[in-house]
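Structure file input.cif (mmCIF, C-alpha atoms) follows.
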```cif
data_final
#
loop_
_atom_site.label_atom_id
_atom_site.label_comp_id
_atom_site.auth_asym_id
_atom_site.auth_seq_id
_atom_site.Cartn_x
_atom_site.Cartn_y
_atom_site.Cartn_z
CA MET A 1032 -12.70 -18.22 -5.35
CA ASP A 1033 -10.41 -19.85 -2.81
CA LEU A 1034 -7.11 -18.00 -3.15
CA GLY A 1035 -5.13 -20.81 -1.54
CA LEU A 1036 -3.81 -18.59 1.24
CA SER A 1037 -5.14 -20.31 4.36
CA GLY A 1038 -2.34 -20.68 6.90
CA ARG A 1039 -0.08 -18.13 5.21
CA LYS A 1040 1.50 -15.22 7.10
CA ALA A 1041 1.51 -11.55 6.10
CA ILE A 1042 3.06 -8.26 7.17
CA VAL A 1043 0.91 -5.19 6.43
CA SER A 1044 1.99 -1.66 7.33
CA ALA A 1045 -0.19 1.43 7.98
CA ALA A 1046 -2.94 -1.06 8.75
CA SER A 1047 -4.98 0.52 11.54
CA LYS A 1048 -7.37 2.16 9.08
CA GLY A 1049 -7.93 3.05 5.46
CA LEU A 1050 -6.51 0.94 2.66
CA GLY A 1051 -3.98 -0.80 4.90
CA LYS A 1052 -6.78 -2.06 7.15
CA ALA A 1053 -8.81 -3.12 4.11
CA CYS A 1054 -5.85 -5.16 2.84
CA ALA A 1055 -5.52 -6.81 6.24
CA GLN A 1056 -9.24 -7.63 6.32
CA SER A 1057 -9.23 -9.16 2.85
CA LEU A 1058 -6.18 -11.29 3.64
CA ALA A 1059 -7.68 -12.38 6.97
CA ALA A 1060 -10.85 -13.43 5.14
CA GLU A 1061 -8.65 -15.89 3.23
CA GLY A 1062 -7.24 -17.35 6.46
CA VAL A 1063 -3.96 -15.39 6.54
CA SER A 1064 -2.34 -14.67 9.91
CA LEU A 1065 -1.27 -11.07 10.23
CA THR A 1066 1.44 -8.87 11.69
CA LEU A 1067 0.16 -5.31 11.47
CA ASN A 1068 1.92 -1.99 11.83
CA ALA A 1069 0.73 1.58 12.35
CA ARG A 1070 2.07 4.61 14.16
CA THR A 1071 -0.47 4.80 16.97
CA GLU A 1072 -0.90 1.80 19.25
CA ALA A 1073 -4.50 2.25 20.46
CA PRO A 1074 -6.29 2.18 17.06
CA LEU A 1075 -3.91 -0.54 15.90
CA LYS A 1076 -4.94 -2.71 18.84
CA GLU A 1077 -8.60 -2.05 18.09
CA THR A 1078 -8.12 -3.11 14.48
CA ALA A 1079 -6.25 -6.26 15.52
CA ILE A 1080 -9.02 -7.26 17.92
CA GLU A 1081 -11.69 -6.52 15.33
CA ILE A 1082 -10.02 -8.56 12.57
CA SER A 1083 -9.12 -11.46 14.83
CA GLY A 1084 -12.67 -11.61 16.19
CA GLU A 1085 -14.30 -11.44 12.76
CA PHE A 1086 -12.07 -13.84 10.85
CA GLY A 1087 -10.57 -16.05 13.56
CA VAL A 1088 -6.95 -15.53 12.55
CA ASN A 1089 -3.96 -14.64 14.69
CA VAL A 1090 -3.11 -10.92 14.57
CA ASP A 1091 0.09 -9.49 16.07
CA ILE A 1092 0.92 -5.79 16.12
CA VAL A 1093 4.02 -3.62 16.01
CA ALA A 1094 3.27 0.03 16.75
CA GLY A 1095 5.62 2.70 15.43
CA ASP A 1096 6.65 4.76 12.42
CA PHE A 1097 7.30 2.47 9.43
CA THR A 1098 9.95 4.92 8.20
CA GLU A 1099 12.11 4.16 11.25
CA ALA A 1100 14.61 1.32 10.83
CA SER A 1101 14.00 0.02 14.35
CA VAL A 1102 10.29 -0.42 13.64
CA ARG A 1103 10.93 -2.28 10.41
CA SER A 1104 13.40 -4.51 12.23
CA GLU A 1105 10.78 -5.22 14.90
CA LEU A 1106 8.27 -6.15 12.19
CA ILE A 1107 10.66 -8.72 10.75
CA SER A 1108 11.39 -10.08 14.24
CA ALA A 1109 7.65 -10.43 14.91
CA CYS A 1110 7.10 -12.24 11.59
CA PRO A 1111 10.44 -13.66 10.43
CA LYS A 1112 8.98 -15.92 7.72
CA PRO A 1113 6.22 -13.95 5.97
CA ASP A 1114 4.64 -15.32 2.82
CA ILE A 1115 3.13 -11.92 2.00
CA LEU A 1116 4.42 -8.38 2.37
CA VAL A 1117 2.20 -5.36 1.81
CA ASN A 1118 4.35 -2.23 1.77
CA ASN A 1119 2.06 0.65 2.68
CA PRO A 1120 4.10 3.55 4.13
CA GLY A 1121 0.99 5.55 5.07
CA VAL A 1122 2.71 8.91 4.65
CA ARG A 1123 0.22 11.58 3.63
CA GLN A 1124 1.28 13.99 0.94
CA VAL A 1125 0.43 17.61 0.32
CA PRO A 1126 1.36 19.53 -2.85
CA ASP A 1127 4.49 21.62 -2.84
CA PRO A 1128 5.72 23.95 -5.60
CA LEU A 1129 9.10 22.93 -6.96
CA ASP A 1130 10.78 25.94 -5.35
CA ASN A 1131 9.64 24.72 -1.90
CA ILE A 1132 11.08 21.22 -2.23
CA ASP A 1133 14.50 21.36 -0.64
CA GLY A 1134 17.13 18.65 -0.26
CA GLU A 1135 15.75 17.47 3.05
CA SER A 1136 12.29 17.03 1.55
CA TRP A 1137 13.62 15.04 -1.42
CA ARG A 1138 15.53 12.78 0.95
CA TYR A 1139 12.52 12.31 3.26
CA TRP A 1140 10.23 11.22 0.44
CA LEU A 1141 12.83 8.87 -1.01
CA GLU A 1142 13.25 7.35 2.44
CA ALA A 1143 9.51 7.08 3.11
CA HIS A 1144 8.30 5.79 -0.26
CA PHE A 1145 11.34 4.04 -1.68
CA LEU A 1146 14.11 2.99 0.66
CA CYS A 1147 11.86 1.73 3.49
CA SER A 1148 9.94 -0.57 1.16
CA ILE A 1149 13.10 -1.73 -0.60
CA GLU A 1150 14.66 -2.66 2.73
CA MET A 1151 11.57 -4.67 3.67
CA ILE A 1152 11.64 -6.47 0.32
CA GLN A 1153 15.32 -7.29 0.74
CA ALA A 1154 14.64 -8.59 4.25
CA VAL A 1155 11.84 -10.98 3.27
CA ALA A 1156 12.74 -12.02 -0.29
CA PRO A 1157 15.49 -14.55 0.54
CA GLY A 1158 13.15 -16.57 2.77
CA MET A 1159 10.34 -16.40 0.24
CA ARG A 1160 12.69 -17.58 -2.47
CA GLU A 1161 13.88 -20.49 -0.35
CA ARG A 1162 10.29 -21.52 0.52
CA LYS A 1163 9.19 -21.16 -3.13
CA PHE A 1164 6.32 -18.83 -2.35
CA GLY A 1165 6.14 -15.08 -1.89
CA ARG A 1166 3.79 -12.25 -2.73
CA ILE A 1167 4.93 -8.63 -2.38
CA VAL A 1168 2.55 -5.75 -3.03
CA ASN A 1169 3.61 -2.11 -2.93
CA MET A 1170 0.82 0.40 -2.33
CA SER A 1171 1.21 3.50 -4.47
CA VAL A 1172 -1.19 6.02 -6.07
CA SER A 1173 -2.84 6.21 -9.48
CA PHE A 1174 -1.10 9.53 -10.13
CA ILE A 1175 2.20 7.77 -10.88
CA LYS A 1176 0.62 7.07 -14.28
CA PHE A 1177 -0.17 10.76 -14.86
CA PRO A 1178 2.00 12.87 -12.50
CA GLN A 1179 0.45 15.97 -10.96
CA VAL A 1180 1.89 19.42 -10.39
CA GLY A 1181 3.13 19.84 -6.83
CA PHE A 1182 3.94 16.18 -6.20
CA ALA A 1183 7.36 15.84 -7.83
CA HIS A 1184 8.95 14.55 -4.61
CA SER A 1185 6.24 11.93 -4.07
CA HIS A 1186 6.16 10.78 -7.69
CA ALA A 1187 9.94 10.48 -7.87
CA ALA A 1188 10.08 8.13 -4.90
CA ARG A 1189 7.08 6.02 -5.92
CA LEU A 1190 8.32 5.63 -9.49
CA ALA A 1191 11.74 4.62 -8.18
CA LEU A 1192 10.07 1.83 -6.18
CA SER A 1193 8.08 0.65 -9.20
CA GLY A 1194 11.22 0.61 -11.33
CA ALA A 1195 13.30 -1.26 -8.78
CA SER A 1196 10.49 -3.75 -8.19
CA ALA A 1197 10.17 -4.46 -11.91
CA ALA A 1198 13.90 -5.11 -12.11
CA MET A 1199 13.70 -7.60 -9.22
CA VAL A 1200 11.06 -9.67 -11.04
CA ARG A 1201 13.64 -11.54 -13.14
CA GLU A 1202 15.44 -12.71 -10.02
CA LEU A 1203 12.37 -13.69 -8.02
CA MET A 1204 9.83 -15.10 -10.50
CA PRO A 1205 11.69 -18.40 -11.00
CA HIS A 1206 11.11 -19.03 -7.28
CA ASN A 1207 7.35 -18.25 -7.31
CA VAL A 1208 7.88 -14.83 -5.72
CA THR A 1209 6.02 -11.91 -7.29
CA ILE A 1210 6.12 -8.13 -6.83
CA ASN A 1211 3.28 -5.90 -7.98
CA THR A 1212 2.26 -2.31 -7.33
CA VAL A 1213 -1.35 -1.29 -6.71
CA CYS A 1214 -2.19 2.29 -7.70
CA PRO A 1215 -5.51 3.29 -6.08
CA GLY A 1216 -7.50 6.39 -6.90
CA LEU A 1217 -10.45 7.83 -4.97
CA PHE A 1218 -11.15 5.50 -2.07
CA ASP A 1219 -13.48 6.46 0.76
CA THR A 1220 -10.89 6.81 3.54
CA ASP A 1221 -10.04 9.37 6.20
CA ALA A 1222 -6.90 10.21 4.25
CA LEU A 1223 -8.91 11.07 1.13
CA HIS A 1224 -11.30 13.36 2.98
CA THR A 1225 -8.42 15.07 4.81
CA ASN A 1226 -6.72 15.68 1.47
CA LEU A 1227 -9.91 17.04 -0.09
CA HIS A 1228 -10.46 19.42 2.82
CA GLY A 1229 -6.87 20.59 2.32
CA HIS A 1230 -7.45 21.16 -1.40
CA ALA A 1231 -10.59 23.16 -0.63
CA LYS A 1232 -8.75 25.36 1.85
CA ARG A 1233 -5.81 25.98 -0.48
CA GLY A 1234 -8.16 26.70 -3.39
CA ASN A 1235 -10.41 29.00 -1.35
CA THR A 1236 -13.46 26.90 -2.17
CA THR A 1237 -15.73 24.45 -0.37
CA TYR A 1238 -15.20 20.80 0.42
CA GLU A 1239 -18.47 19.99 -1.36
CA ALA A 1240 -17.26 21.72 -4.54
CA ILE A 1241 -14.01 19.75 -4.46
CA VAL A 1242 -15.89 16.46 -4.02
CA GLU A 1243 -18.20 17.29 -6.91
CA ASN A 1244 -15.23 18.14 -9.12
CA ARG A 1245 -13.46 14.87 -8.30
CA LEU A 1246 -16.55 12.76 -8.94
CA GLN A 1247 -17.22 14.50 -12.24
CA GLY A 1248 -13.79 13.36 -13.38
CA CYS A 1249 -14.40 9.75 -12.29
CA PRO A 1250 -16.42 7.60 -14.72
CA ALA A 1251 -17.51 5.37 -11.84
CA GLY A 1252 -19.14 8.45 -10.29
CA ARG A 1253 -18.32 7.48 -6.72
CA PHE A 1254 -15.62 6.99 -4.14
CA ALA A 1255 -14.67 3.33 -3.85
CA ASP A 1256 -15.08 1.12 -0.79
CA PRO A 1257 -11.62 0.38 0.68
CA ARG A 1258 -12.33 -3.35 0.49
CA GLU A 1259 -12.40 -3.00 -3.30
CA CYS A 1260 -8.69 -2.30 -2.97
CA GLY A 1261 -8.13 -4.88 -0.23
CA ASP A 1262 -9.70 -7.63 -2.33
CA LEU A 1263 -7.51 -6.73 -5.29
CA VAL A 1264 -4.42 -6.98 -3.10
CA ALA A 1265 -5.58 -10.34 -1.73
CA PHE A 1266 -6.07 -11.62 -5.28
CA LEU A 1267 -2.54 -10.55 -6.22
CA CYS A 1268 -1.30 -12.50 -3.20
CA GLY A 1269 -3.21 -15.65 -4.15
CA ALA A 1270 -1.79 -18.94 -5.33
CA GLN A 1271 -3.39 -18.30 -8.75
CA SER A 1272 -1.45 -15.06 -9.31
CA GLY A 1273 2.02 -16.51 -9.63
CA PHE A 1274 2.28 -15.57 -13.32
CA MET A 1275 1.65 -11.85 -12.78
CA SER A 1276 4.56 -9.73 -11.60
CA GLY A 1277 6.19 -6.35 -12.15
CA GLN A 1278 2.87 -4.64 -12.86
CA ASN A 1279 1.55 -1.19 -11.85
CA ILE A 1280 -2.17 -1.87 -11.52
CA VAL A 1281 -4.40 1.20 -11.57
CA ASN A 1282 -7.61 0.89 -9.53
CA ASP A 1283 -9.27 4.29 -9.92
CA GLY A 1284 -12.77 3.93 -11.34
CA GLY A 1285 -11.69 4.73 -14.90
CA VAL A 1286 -10.00 8.10 -14.26
CA TYR A 1287 -6.75 7.13 -15.98
CA GLN A 1288 -7.34 7.06 -19.73
CA GLY A 1289 -4.01 5.67 -20.91
CA LEU A 1290 -3.56 2.21 -22.41
CA PHE A 1291 -0.30 1.38 -20.61
#
```

Just give me the structure of the file as structure tokens.
Amino acid sequence: MDLGLSGRKAIVSAASKGLGKACAQSLAAEGVSLTLNARTEAPLKETAIEISGEFGVNVDIVAGDFTEASVRSELISACPKPDILVNNPGVRQVPDPLDNIDGESWRYWLEAHFLCSIEMIQAVAPGMRERKFGRIVNMSVSFIKFPQVGFAHSHAARLALSGASAAMVRELMPHNVTINTVCPGLFDTDALHTNLHGHAKRGNTTYEAIVENRLQGCPAGRFADPRECGDLVAFLCGAQSGFMSGQNIVNDGGVYQGLF
């Protein structure tokens, strides 16, 4: 399917590896020019060269921490008229008991997973509205559908973003601007394996045992290829997806058993 995106421009954060890179690759495959962000410049440059060489699209980079206002401002300066925004903060989370989550931690997670993305949306939405085309995708986690013990700070911020995004739909949809949230589960990324090693250490068990446990709970019986997430994001950004907005789309191999 031709998604009708050739010649469009996109901003993708946390894009040097993992799901952010997969989103960039899938968009580039559709002919989208990219402005990519990640904290570390060297791997970001490597990714930009790789994607540009493979797909023949222009790829600019802005290295720095997405949670810093100056970096977000630089992203907008580098791509002032984006057609697509993929908000992917790339902040890894580790479980914390409620008693360990202090005020500073609550504020950090709200900044990282809510306010930063909201500010980016507010920066790009007026132009998208004026040009009558815009696709905004927030990257979240499948656990927002079934919150887990130890992640209250993370869930609070991610759910706030989903709620705010859903409320914006009524203002933006008449102008062909959509906002959706993708909620991935077990994808074969460095971040996943780092998290699983952490779970094994905290649980005084082996990495292999943790992997087996996770796969037993996944009807698909495997970790997903990151491009399976990237291609979903690209589809949501396509010209054909203008009637879908305000959704939290779980992509987790059947782990989540709810209907809504």

All file atoms of stretch 1177-1180 of chain A boxed axis-aligned, 8 Å per side, centre plus edges, as lines of an AutoDock Vina configuration file:
```
center_x = 0.9
center_y = 15.1
center_z = -12.6
size_x = 18.2
size_y = 24.7
size_z = 20.5
```

Discussion item. Please report the interatomic distance between atom CA of A:Gly1158 and atom CA of A:Arg1189 in Å with one decimal.
Written reply: 25.0 Å

Worksheet item: Leaving out stretch 1231-1248 of chain A and any residue of its chain fewer than 3 positions from it, which residues lie within 12 Å of it when counting all atoms listed in the file, given as a PyMOL selection string?
Response: chain A and resi 1125-1127+1216-1219+1223-1228+1251-1255+1283-1288

Practice prompt. Find the residues with any atom within 12 Å of (-8.2, -16.7, 14.5); use all atoms listed in the file and the coordinates as given in the file, and write the answer as an MDAnalysis selection string.
Written response: chainID A and resid 1037:1038 1059:1065 1079:1091

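For the pair atom CA of A:His1186 and atom CA of A:Cys1147, the separation is 15.5 Å.
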
Worksheet item: What residues come out when you apply the PyMOL selection byres ((chain A and resi 1264) around 9) to this file, written as a list in words?
Response: Cys1054, Ser1057, Leu1058, Val1117, Val1168, Val1213, Glu1259, Cys1260, Gly1261, Asp1262, Leu1263, Ala1265, Phe1266, Leu1267, Cys1268 and Gly1269 of chain A

Saved selection, atoms kept: C-alpha atoms, as a CSV table (one decimal), keeping the file's coordinate frame:
```csv
chain,number,residue,atom,x,y,z
A,1054,CYS,CA,-5.8,-5.2,2.8
A,1057,SER,CA,-9.2,-9.2,2.8
A,1058,LEU,CA,-6.2,-11.3,3.6
A,1117,VAL,CA,2.2,-5.4,1.8
A,1168,VAL,CA,2.6,-5.8,-3.0
A,1213,VAL,CA,-1.4,-1.3,-6.7
A,1259,GLU,CA,-12.4,-3.0,-3.3
A,1260,CYS,CA,-8.7,-2.3,-3.0
A,1261,GLY,CA,-8.1,-4.9,-0.2
A,1262,ASP,CA,-9.7,-7.6,-2.3
A,1263,LEU,CA,-7.5,-6.7,-5.3
A,1265,ALA,CA,-5.6,-10.3,-1.7
A,1266,PHE,CA,-6.1,-11.6,-5.3
A,1267,LEU,CA,-2.5,-10.6,-6.2
A,1268,CYS,CA,-1.3,-12.5,-3.2
A,1269,GLY,CA,-3.2,-15.6,-4.2
```

Discussion item. Can you tell me which residues surround A:Leu1106 at a distance of at most 12 Å, considering only C-alpha atoms, apart from same-chain residues fewer than 4 positions away, and format the answer as a PyMOL selection string?
Written reply: chain A and resi 1041-1044+1065-1069+1091-1102+1110-1113+1116+1118+1150-1151+1154-1155

Item to complete: Quick one: pull the distance between atom CA of A:Leu1050 and atom CA of A:Pro1257, Å, one decimal.
Response: 5.5 Å

Worksheet entry | Result set of the PyMOL selection byres ((chain A and resi 1212) around 12) on the coordinates above, as JSON, numbers by chain | {"A": [1116, 1117, 1118, 1119, 1148, 1166, 1167, 1168, 1169, 1170, 1171, 1172, 1173, 1175, 1176, 1189, 1190, 1191, 1192, 1193, 1194, 1195, 1196, 1197, 1209, 1210, 1211, 1213, 1214, 1215, 1260, 1263, 1264, 1267, 1268, 1275, 1276, 1277, 1278, 1279, 1280, 1281, 1282]}

Response to the item:
One residue among A:Arg1123, A:Arg1160, A:His1206, A:Arg1201 is nearest to A:Phe1182 when using only C-alpha atoms, and that residue is A:Arg1123

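Among the candidates A:Lys1163, A:His1230, A:His1184, A:Arg1258, the one nearest to A:Leu1141 when counting only C-alpha atoms is A:His1184.
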
Discussion item. Taking the file as I've supplied it (selection: the PyMOL selection byres ((chain A and resi 1137) around 10)), which residues are included? Please answer as JSON, numbers by chain.
Written reply: {"A": [1132, 1133, 1134, 1135, 1136, 1138, 1139, 1140, 1141, 1142, 1183, 1184, 1185, 1187, 1188]}

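Here the question is which of A:Val1208, A:Ile1115, A:Gly1121, A:Ala1198 gets nearest to A:Glu1161 using all atoms listed in the file, and that residue is A:Val1208.
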
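Proximity of A:Met1032, A:Arg1103, A:Ala1222, A:Gly1181 to A:Asn1131, computed with all atoms listed in the file, is greatest for A:Gly1181.
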
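Comparing the minimum interatomic distances between A:Leu1075 and each of A:Ser1047, A:Gln1056, A:Ala1156, A:Pro1128, counting only C-alpha atoms, we find that A:Ser1047 sits nearest.
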
Worksheet item: With only C-alpha atoms as the basis for distance, which of A:Gln1271, A:Glu1072, A:Thr1078, A:Pro1250 is at the shortest distance from A:Ala1053?
Response: A:Thr1078
